[in-house]
$ cat data11.cif   # mmCIF, C-alpha atoms
data_target
loop_
_atom_site.group_PDB
_atom_site.id
_atom_site.type_symbol
_atom_site.label_atom_id
_atom_site.label_comp_id
_atom_site.auth_asym_id
_atom_site.auth_seq_id
_atom_site.Cartn_x
_atom_site.Cartn_y
_atom_site.Cartn_z
ATOM 1 C CA MET K 23 9.216 8.826 13.373
ATOM 2 C CA ASP K 24 7.473 10.192 10.281
ATOM 3 C CA LYS K 25 9.741 12.094 7.914
ATOM 4 C CA ASN K 26 8.682 15.475 6.594
ATOM 5 C CA PRO K 27 11.383 16.773 4.211
ATOM 6 C CA ARG K 28 11.542 20.351 3.036
ATOM 7 C CA THR K 29 10.154 20.983 -0.418
ATOM 8 C CA GLY K 30 13.510 22.248 -1.719
ATOM 9 C CA ARG K 31 15.298 19.078 -0.608
ATOM 10 C CA LEU K 32 12.582 16.953 -2.169
ATOM 11 C CA LEU K 33 12.772 18.770 -5.507
ATOM 12 C CA GLU K 34 16.549 18.398 -5.448
ATOM 13 C CA LYS K 35 16.181 14.632 -5.088
ATOM 14 C CA ALA K 36 13.584 14.688 -7.863
ATOM 15 C CA GLY K 37 15.951 16.636 -10.137
ATOM 16 C CA SER K 38 13.231 19.232 -10.658
ATOM 17 C CA THR K 39 13.355 23.007 -11.065
ATOM 18 C CA LEU K 40 9.570 23.413 -10.852
ATOM 19 C CA ASN K 41 8.431 26.029 -8.335
ATOM 20 C CA ILE K 42 5.872 24.217 -6.199
ATOM 21 C CA ARG K 43 4.697 24.447 -2.584
ATOM 22 C CA LEU K 44 3.463 21.284 -0.886
ATOM 23 C CA SER K 45 0.108 21.658 0.857
ATOM 24 C CA GLN K 46 -0.877 19.861 4.064
ATOM 25 C CA ALA K 47 -2.947 17.487 1.923
ATOM 26 C CA ASP K 48 0.092 16.768 -0.262
ATOM 27 C CA ARG K 49 2.226 15.995 2.783
ATOM 28 C CA ALA K 50 -0.455 13.753 4.296
ATOM 29 C CA PHE K 51 -0.649 11.873 0.994
ATOM 30 C CA LEU K 52 3.142 11.488 0.776
ATOM 31 C CA ARG K 53 3.406 10.270 4.369
ATOM 32 C CA ASP K 54 0.748 7.646 3.685
ATOM 33 C CA LEU K 55 2.484 6.735 0.436
ATOM 34 C CA SER K 56 5.644 5.953 2.410
ATOM 35 C CA LYS K 57 3.593 3.252 4.181
ATOM 36 C CA ALA K 58 1.473 1.952 1.296
ATOM 37 C CA LEU K 59 3.925 2.482 -1.655
ATOM 38 C CA ILE K 60 0.993 2.764 -4.101
ATOM 39 C CA ILE K 61 -2.190 4.803 -3.576
ATOM 40 C CA ASP K 62 -5.115 4.707 -5.974
ATOM 41 C CA ALA K 63 -7.391 7.553 -6.988
ATOM 42 C CA GLN K 64 -10.322 6.281 -4.935
ATOM 43 C CA VAL K 65 -8.343 6.471 -1.688
ATOM 44 C CA ALA K 66 -6.712 9.801 -2.574
ATOM 45 C CA ASP K 67 -10.082 11.325 -3.507
ATOM 46 C CA SER K 68 -11.790 10.224 -0.298
ATOM 47 C CA LEU K 69 -9.006 10.576 2.290
ATOM 48 C CA HIS K 70 -6.528 13.203 1.114
ATOM 49 C CA TYR K 71 -8.256 15.557 -1.324
ATOM 50 C CA ALA K 72 -11.913 15.197 -0.372
ATOM 51 C CA GLY K 73 -12.446 18.959 -0.425
ATOM 52 C CA ARG K 74 -11.412 19.347 -4.072
ATOM 53 C CA ALA K 75 -14.221 19.400 -6.608
ATOM 54 C CA ALA K 76 -11.900 17.910 -9.234
ATOM 55 C CA GLY K 77 -10.636 15.238 -6.844
ATOM 56 C CA ALA K 78 -7.014 14.209 -6.413
ATOM 57 C CA ARG K 79 -5.857 13.653 -9.972
ATOM 58 C CA ARG K 80 -5.122 17.222 -11.066
ATOM 59 C CA ARG K 81 -3.097 17.965 -7.932
ATOM 60 C CA LEU K 82 -1.224 14.660 -7.902
ATOM 61 C CA ASP K 83 -0.355 15.015 -11.555
ATOM 62 C CA LYS K 84 1.197 18.372 -10.611
ATOM 63 C CA LEU K 85 3.462 16.375 -8.273
ATOM 64 C CA VAL K 86 4.181 14.072 -11.195
ATOM 65 C CA GLU K 87 5.264 17.115 -13.218
ATOM 66 C CA ALA K 88 7.537 18.077 -10.309
ATOM 67 C CA GLY K 89 9.228 14.679 -10.419
ATOM 68 C CA ILE K 90 7.945 13.660 -6.969
ATOM 69 C CA LEU K 91 5.383 11.104 -8.114
ATOM 70 C CA GLN K 92 4.797 8.728 -10.998
ATOM 71 C CA ARG K 93 1.267 8.025 -12.191
ATOM 72 C CA ILE K 94 0.530 4.451 -13.243
ATOM 73 C CA GLU K 95 -2.460 2.764 -14.832
ATOM 74 C CA ILE K 96 -2.846 -0.658 -13.244
ATOM 75 C CA GLY K 97 -4.565 -3.564 -14.926
ATOM 76 C CA ALA K 98 -7.274 -5.243 -12.829
ATOM 77 C CA PRO K 99 -8.898 -8.704 -13.019
ATOM 78 C CA LYS K 100 -11.110 -9.385 -16.008
ATOM 79 C CA GLY K 101 -14.378 -7.519 -15.797
ATOM 80 C CA MET K 102 -12.945 -4.712 -13.642
ATOM 81 C CA LYS K 103 -11.734 -1.296 -14.774
ATOM 82 C CA LYS K 104 -8.086 -0.283 -14.780
ATOM 83 C CA VAL K 105 -6.998 1.583 -11.681
ATOM 84 C CA THR K 106 -5.283 4.974 -11.725
ATOM 85 C CA ALA K 107 -2.688 5.188 -8.965
ATOM 86 C CA TRP K 108 0.511 6.944 -7.923
ATOM 87 C CA GLN K 109 3.860 5.867 -6.504
ATOM 88 C CA PHE K 110 7.068 7.747 -5.706
ATOM 89 C CA ALA K 111 8.924 8.790 -8.849
ATOM 90 C CA ASN K 112 12.158 7.162 -7.717
ATOM 91 C CA ARG K 113 13.845 5.553 -4.710
ATOM 92 C CA SER K 114 15.695 8.730 -3.736
ATOM 93 C CA VAL K 115 12.462 10.705 -3.356
ATOM 94 C CA ALA K 116 10.807 7.763 -1.610
ATOM 95 C CA ARG K 117 13.567 7.456 0.972
ATOM 96 C CA ALA K 118 13.306 11.142 1.798
ATOM 97 C CA TRP K 119 9.880 10.197 3.178
ATOM 98 C CA GLY K 120 11.057 6.921 4.714
ATOM 99 C CA GLY K 121 9.428 4.918 1.938
ATOM 100 C CA ASP K 122 10.369 2.987 -1.178
ATOM 101 C CA VAL K 123 9.110 2.133 -4.644
ATOM 102 C CA PRO K 124 7.097 -1.081 -5.140
ATOM 103 C CA GLY K 125 9.079 -4.277 -5.712
ATOM 104 C CA VAL K 126 7.261 -5.278 -8.855
ATOM 105 C CA GLY K 127 8.582 -8.289 -10.757
ATOM 106 C CA THR K 128 7.794 -11.796 -11.895
ATOM 107 C CA ASN K 129 5.900 -12.742 -8.742
ATOM 108 C CA ARG K 130 4.513 -9.358 -7.751
ATOM 109 C CA SER K 131 2.330 -7.241 -10.008
ATOM 110 C CA HIS K 132 1.409 -3.608 -9.521
ATOM 111 C CA TYR K 133 -2.128 -4.766 -8.765
ATOM 112 C CA HIS K 134 -0.916 -7.089 -6.015
ATOM 113 C CA GLU K 135 1.211 -4.331 -4.483
ATOM 114 C CA LEU K 136 -1.713 -1.920 -4.721
ATOM 115 C CA LEU K 137 -3.896 -4.321 -2.720
ATOM 116 C CA ALA K 138 -1.181 -4.894 -0.109
ATOM 117 C CA GLY K 139 -0.864 -1.133 0.365
ATOM 118 C CA ARG K 140 -4.644 -0.670 0.350
ATOM 119 C CA ALA K 141 -4.780 -2.896 3.442
ATOM 120 C CA TYR K 142 -3.019 -0.092 5.337
ATOM 121 C CA PHE K 143 -6.064 2.124 4.823
ATOM 122 C CA GLU K 144 -8.601 -0.650 5.388
ATOM 123 C CA LEU K 145 -6.981 -1.315 8.789
ATOM 124 C CA GLY K 146 -7.257 2.329 9.777
ATOM 125 C CA ARG K 147 -3.692 3.444 8.932
ATOM 126 C CA PRO K 148 -1.886 1.786 11.884
ATOM 127 C CA ASP K 149 1.456 3.403 12.774
ATOM 128 C CA ASP K 150 3.321 0.095 12.800
ATOM 129 C CA PHE K 151 2.055 -1.222 9.454
ATOM 130 C CA LYS K 152 4.979 -2.869 7.629
ATOM 131 C CA LEU K 153 5.116 -4.212 4.091
ATOM 132 C CA ALA K 154 7.354 -7.208 3.403
ATOM 133 C CA HIS K 155 10.360 -5.126 2.311
ATOM 134 C CA GLN K 156 10.519 -3.679 5.851
ATOM 135 C CA PHE K 157 10.462 -6.975 7.751
ATOM 136 C CA THR K 158 13.169 -7.436 10.367
ATOM 137 C CA ARG K 159 14.616 -10.694 11.661
ATOM 138 C CA ASP K 160 12.272 -10.457 14.640
ATOM 139 C CA ASP K 161 9.317 -10.128 12.271
ATOM 140 C CA GLN K 162 10.465 -13.193 10.359
ATOM 141 C CA LEU K 163 10.443 -15.219 13.579
ATOM 142 C CA LEU K 164 6.707 -14.543 13.822
ATOM 143 C CA PHE K 165 5.742 -16.251 10.589
ATOM 144 C CA GLY K 166 8.498 -18.764 9.885
ATOM 145 C CA GLY K 167 8.627 -20.023 6.312
ATOM 146 C CA THR K 168 5.296 -18.596 5.103
ATOM 147 C CA GLU K 169 5.723 -14.838 4.715
ATOM 148 C CA PRO K 170 2.662 -12.559 4.641
ATOM 149 C CA ASP K 171 2.554 -9.421 2.519
ATOM 150 C CA ALA K 172 2.455 -7.132 5.544
ATOM 151 C CA ILE K 173 2.271 -7.073 9.325
ATOM 152 C CA ALA K 174 0.334 -4.701 11.565
ATOM 153 C CA ARG K 175 -0.952 -4.541 15.127
ATOM 154 C CA ASN K 176 -4.462 -3.773 16.303
ATOM 155 C CA ALA K 177 -5.447 -1.423 19.130
ATOM 156 C CA ARG K 178 -4.840 -4.215 21.666
ATOM 157 C CA GLY K 179 -1.305 -4.763 20.377
ATOM 158 C CA GLU K 180 -2.119 -8.078 18.728
ATOM 159 C CA VAL K 181 -0.142 -8.987 15.612
ATOM 160 C CA ILE K 182 -2.084 -9.168 12.345
ATOM 161 C CA PHE K 183 -0.747 -10.931 9.264
ATOM 162 C CA VAL K 184 -1.905 -9.194 6.091
ATOM 163 C CA GLU K 185 -2.226 -11.081 2.817
ATOM 164 C CA ALA K 186 -3.165 -9.668 -0.589
ATOM 165 C CA ASP K 187 -4.744 -12.028 -3.114
ATOM 166 C CA SER K 188 -4.816 -10.376 -6.534
ATOM 167 C CA GLY K 189 -7.534 -12.812 -7.544
ATOM 168 C CA HIS K 190 -5.424 -15.813 -8.560
ATOM 169 C CA TYR K 191 -5.263 -17.894 -5.372
ATOM 170 C CA THR K 192 -7.024 -21.238 -5.408
ATOM 171 C CA LYS K 193 -9.024 -22.544 -2.449
ATOM 172 C CA THR K 194 -6.109 -24.839 -1.631
ATOM 173 C CA GLN K 195 -3.562 -22.004 -1.611
ATOM 174 C CA ILE K 196 -5.792 -19.905 0.642
ATOM 175 C CA ARG K 197 -6.345 -22.800 3.036
ATOM 176 C CA GLN K 198 -2.610 -23.575 3.207
ATOM 177 C CA LYS K 199 -1.715 -20.000 4.140
ATOM 178 C CA GLN K 200 -4.501 -19.723 6.688
ATOM 179 C CA GLN K 201 -3.381 -22.966 8.314
ATOM 180 C CA ALA K 202 0.274 -21.858 8.335
ATOM 181 C CA TRP K 203 -0.762 -18.757 10.311
ATOM 182 C CA GLU K 204 -3.212 -20.536 12.605
ATOM 183 C CA GLY K 205 -3.443 -18.823 15.981
ATOM 184 C CA VAL K 206 -2.496 -15.399 14.567
ATOM 185 C CA ARG K 207 -5.036 -12.780 13.517
ATOM 186 C CA GLN K 208 -5.236 -12.448 9.749
ATOM 187 C CA PHE K 209 -6.496 -9.763 7.397
ATOM 188 C CA TRP K 210 -7.004 -10.650 3.734
ATOM 189 C CA ILE K 211 -7.726 -8.303 0.844
ATOM 190 C CA GLN K 212 -8.800 -9.411 -2.618
ATOM 191 C CA PRO K 213 -10.774 -8.129 -5.638
ATOM 192 C CA ARG K 214 -14.490 -8.743 -5.912
ATOM 193 C CA LYS K 215 -13.833 -10.941 -8.926
ATOM 194 C CA ALA K 216 -11.457 -13.557 -7.514
ATOM 195 C CA MET K 217 -10.883 -17.190 -8.439
ATOM 196 C CA ALA K 218 -11.695 -18.285 -4.879
ATOM 197 C CA VAL K 219 -13.364 -16.332 -2.096
ATOM 198 C CA VAL K 220 -11.363 -16.115 1.122
ATOM 199 C CA PRO K 221 -13.523 -17.564 3.915
ATOM 200 C CA VAL K 222 -14.228 -15.354 6.919
ATOM 201 C CA CYS K 223 -14.014 -16.947 10.346
ATOM 202 C CA ASP K 224 -12.976 -16.104 13.901
ATOM 203 C CA GLY K 225 -9.696 -14.192 13.827
ATOM 204 C CA ILE K 226 -9.720 -13.811 10.025
ATOM 205 C CA GLY K 227 -11.034 -10.656 8.411
ATOM 206 C CA VAL K 228 -11.539 -10.132 4.680
ATOM 207 C CA VAL K 229 -12.245 -7.081 2.538
ATOM 208 C CA ARG K 230 -13.026 -7.191 -1.186
ATOM 209 C CA VAL K 231 -12.407 -4.100 -3.277
#

$ encode --input "data11.cif" --output "structure tokens"
Amino acid sequence: MDKNPRTGRLLEKAGSTLNIRLSQADRAFLRDLSKALIIDAQVADSLHYAGRAAGARRRLDKLVEAGILQRIEIGAPKGMKKVTAWQFANRSVARAWGGDVPGVGTNRSHYHELLAGRAYFELGRPDDFKLAHQFTRDDQLLFGGTEPDAIARNARGEVIFVEADSGHYTKTQIRQKQQAWEGVRQFWIQPRKAMAVVPVCDGIGVVRV
């Protein structure tokens, strides 16, 4: 069930004294953020704040001021512009919405996590979309030793393995993952400027952003 915390409780978790009222657009954005963990300006402009002449940034930066969000500038592959995006300000605020903050580290960059979350929108915002940090033991039985970045189901209830390539995968790495998940529907997301292009074939969809 989607969480929808009161504004006062949220500001308490944010440690903020700012007087702010969350709009329906804000709440829709925050609910989606609990699924995607990072949302970029392009998505926020087109899906959440499409009616605002100034777009999403001014409003979302107000939520940054309130301690609810953190704005980040994410480096993209060479030849592409940096991406402005937002994540929850801290884990306490994130959990109030049933979400988390991105697990960025040695093997996972903000750009990679942005792409993994972007898949949620590209797939039409499925209710059962799960990023890797949410996987259960039953989920792990589906993929064995080769873990995807996310799992979703289509309208027919079929499992989809979601993989984000931040542009660094080689043809061999792509082929190995596709073969490991043979027989399962796959959805790949990668930048337009990638080292190797993910091949599209029956049961494998690809989007390049």

$ resolve_selection --input "data11.cif" --expression "the PyMOL selection byres ((chain K and resi 210) around 8)" --output "JSON, numbers by chain"
{"K": [184, 185, 186, 187, 208, 209, 211, 212, 220, 226, 227, 228, 229]}

$ atom_distance --input "data11.cif" --atom1 "CA of Ala47 in chain K" --atom2 "CA of His70 in chain K"
5.6 Å

$ resolve_selection --input "data11.cif" --expression "the PyMOL selection byres ((chain K and resi 114) around 10)" --output "PyMOL selection string"
chain K and resi 32+34-36+90+110-113+115-123

$ residues_around --input "data11.cif" --residues "range 154-157 of chain K" --least-positions-apart "3" --cutoff "8 Å" --atoms "only C-alpha atoms" --output "ChimeraX atom specification"
/K:160-162,169-173

$ resolve_selection --input "data11.cif" --expression "the PyMOL selection byres ((chain K and resi 140-147) around 9)" --output "VMD selection string"
chain K and resid 54 57 to 58 60 to 62 65 135 to 139 148 to 152 172 174 176 184 to 186 209 to 211 229

$ atom_distance --input "data11.cif" --atom1 "CA of Trp108 in chain K" --atom2 "CA of Lys25 in chain K"
19.0 Å

$ closest_residue --input "data11.cif" --among "K:Ala76, K:Leu91, K:Ile42, K:Val105" --to "Ala63 in chain K" --atoms "all atoms listed in the file"
K:Val105

$ atom_distance --input "data11.cif" --atom1 "CA of Glu95 in chain K" --atom2 "CA of Leu55 in chain K"
16.5 Å

$ residues_around --input "data11.cif" --residues "Ala50 in chain K" --least-positions-apart "5" --cutoff "10 Å" --atoms "all atoms listed in the file" --output "list in words"
Asn26, Leu44, Ser45, Leu55, Leu69, His70 and Tyr71 of chain K

$ closest_residue --input "data11.cif" --among "K:Ala66, K:Ile94, K:Met217, K:Ala202" --to "Asp48 in chain K" --atoms "all atoms listed in the file"
K:Ala66

$ decode --input "data11.cif" --residues "range 112-135 of chain K" --atoms "N, CA and C atoms" --output "mmCIF file, in the first residue's frame"
data_model
loop_
_atom_site.group_PDB
_atom_site.id
_atom_site.type_symbol
_atom_site.label_atom_id
_atom_site.label_comp_id
_atom_site.auth_asym_id
_atom_site.auth_seq_id
_atom_site.Cartn_x
_atom_site.Cartn_y
_atom_site.Cartn_z
ATOM 1 N N ASN K 112 17.042 12.225 3.297
ATOM 2 C CA ASN K 112 17.660 11.255 4.205
ATOM 3 C C ASN K 112 16.779 10.012 4.287
ATOM 4 N N ARG K 113 17.297 8.974 4.923
ATOM 5 C CA ARG K 113 16.586 7.690 4.988
ATOM 6 C C ARG K 113 15.302 7.788 5.808
ATOM 7 N N SER K 114 15.299 8.622 6.835
ATOM 8 C CA SER K 114 14.111 8.761 7.670
ATOM 9 C C SER K 114 12.941 9.323 6.874
ATOM 10 N N VAL K 115 13.184 10.350 6.088
ATOM 11 C CA VAL K 115 12.137 10.919 5.232
ATOM 12 C C VAL K 115 11.717 9.902 4.182
ATOM 13 N N ALA K 116 12.698 9.225 3.594
ATOM 14 C CA ALA K 116 12.402 8.234 2.556
ATOM 15 C C ALA K 116 11.489 7.135 3.079
ATOM 16 N N ARG K 117 11.776 6.645 4.263
ATOM 17 C CA ARG K 117 10.992 5.533 4.813
ATOM 18 C C ARG K 117 9.572 5.945 5.175
ATOM 19 N N ALA K 118 9.381 7.229 5.439
ATOM 20 C CA ALA K 118 8.019 7.710 5.686
ATOM 21 C C ALA K 118 7.144 7.505 4.454
ATOM 22 N N TRP K 119 7.783 7.452 3.290
ATOM 23 C CA TRP K 119 7.073 7.220 2.024
ATOM 24 C C TRP K 119 7.211 5.776 1.553
ATOM 25 N N GLY K 120 7.880 4.937 2.343
ATOM 26 C CA GLY K 120 8.101 3.558 1.926
ATOM 27 C C GLY K 120 9.259 3.413 0.960
ATOM 28 N N GLY K 121 10.132 4.417 0.929
ATOM 29 C CA GLY K 121 11.260 4.393 0.002
ATOM 30 C C GLY K 121 12.598 4.299 0.706
ATOM 31 N N ASP K 122 13.640 4.748 0.023
ATOM 32 C CA ASP K 122 14.991 4.702 0.554
ATOM 33 C C ASP K 122 15.814 5.748 -0.184
ATOM 34 N N VAL K 123 17.082 5.851 0.176
ATOM 35 C CA VAL K 123 18.015 6.676 -0.584
ATOM 36 C C VAL K 123 18.860 5.743 -1.450
ATOM 37 N N PRO K 124 19.374 6.210 -2.574
ATOM 38 C CA PRO K 124 20.122 5.326 -3.475
ATOM 39 C C PRO K 124 21.369 4.737 -2.817
ATOM 40 N N GLY K 125 21.630 3.477 -3.108
ATOM 41 C CA GLY K 125 22.833 2.806 -2.593
ATOM 42 C C GLY K 125 24.014 3.050 -3.489
ATOM 43 N N VAL K 126 24.500 4.260 -3.463
ATOM 44 C CA VAL K 126 25.622 4.644 -4.335
ATOM 45 C C VAL K 126 26.940 4.281 -3.668
ATOM 46 N N GLY K 127 27.855 3.695 -4.435
ATOM 47 C CA GLY K 127 29.147 3.301 -3.889
ATOM 48 C C GLY K 127 30.120 2.971 -4.996
ATOM 49 N N THR K 128 31.051 2.104 -4.703
ATOM 50 C CA THR K 128 32.102 1.772 -5.663
ATOM 51 C C THR K 128 31.544 1.225 -6.964
ATOM 52 N N ASN K 129 30.529 0.356 -6.860
ATOM 53 C CA ASN K 129 30.006 -0.312 -8.048
ATOM 54 C C ASN K 129 28.721 0.302 -8.596
ATOM 55 N N ARG K 130 28.193 1.293 -7.912
ATOM 56 C CA ARG K 130 26.940 1.892 -8.349
ATOM 57 C C ARG K 130 27.047 3.416 -8.291
ATOM 58 N N SER K 131 26.979 4.042 -9.434
ATOM 59 C CA SER K 131 27.050 5.497 -9.504
ATOM 60 C C SER K 131 25.649 6.088 -9.444
ATOM 61 N N HIS K 132 25.578 7.377 -9.201
ATOM 62 C CA HIS K 132 24.280 8.054 -9.238
ATOM 63 C C HIS K 132 23.651 7.905 -10.625
ATOM 64 N N TYR K 133 24.481 7.943 -11.664
ATOM 65 C CA TYR K 133 23.931 7.842 -13.013
ATOM 66 C C TYR K 133 23.311 6.461 -13.238
ATOM 67 N N HIS K 134 23.984 5.424 -12.766
ATOM 68 C CA HIS K 134 23.435 4.078 -12.885
ATOM 69 C C HIS K 134 22.106 3.968 -12.140
ATOM 70 N N GLU K 135 22.056 4.487 -10.914
ATOM 71 C CA GLU K 135 20.831 4.414 -10.131
ATOM 72 C C GLU K 135 19.708 5.254 -10.748
#
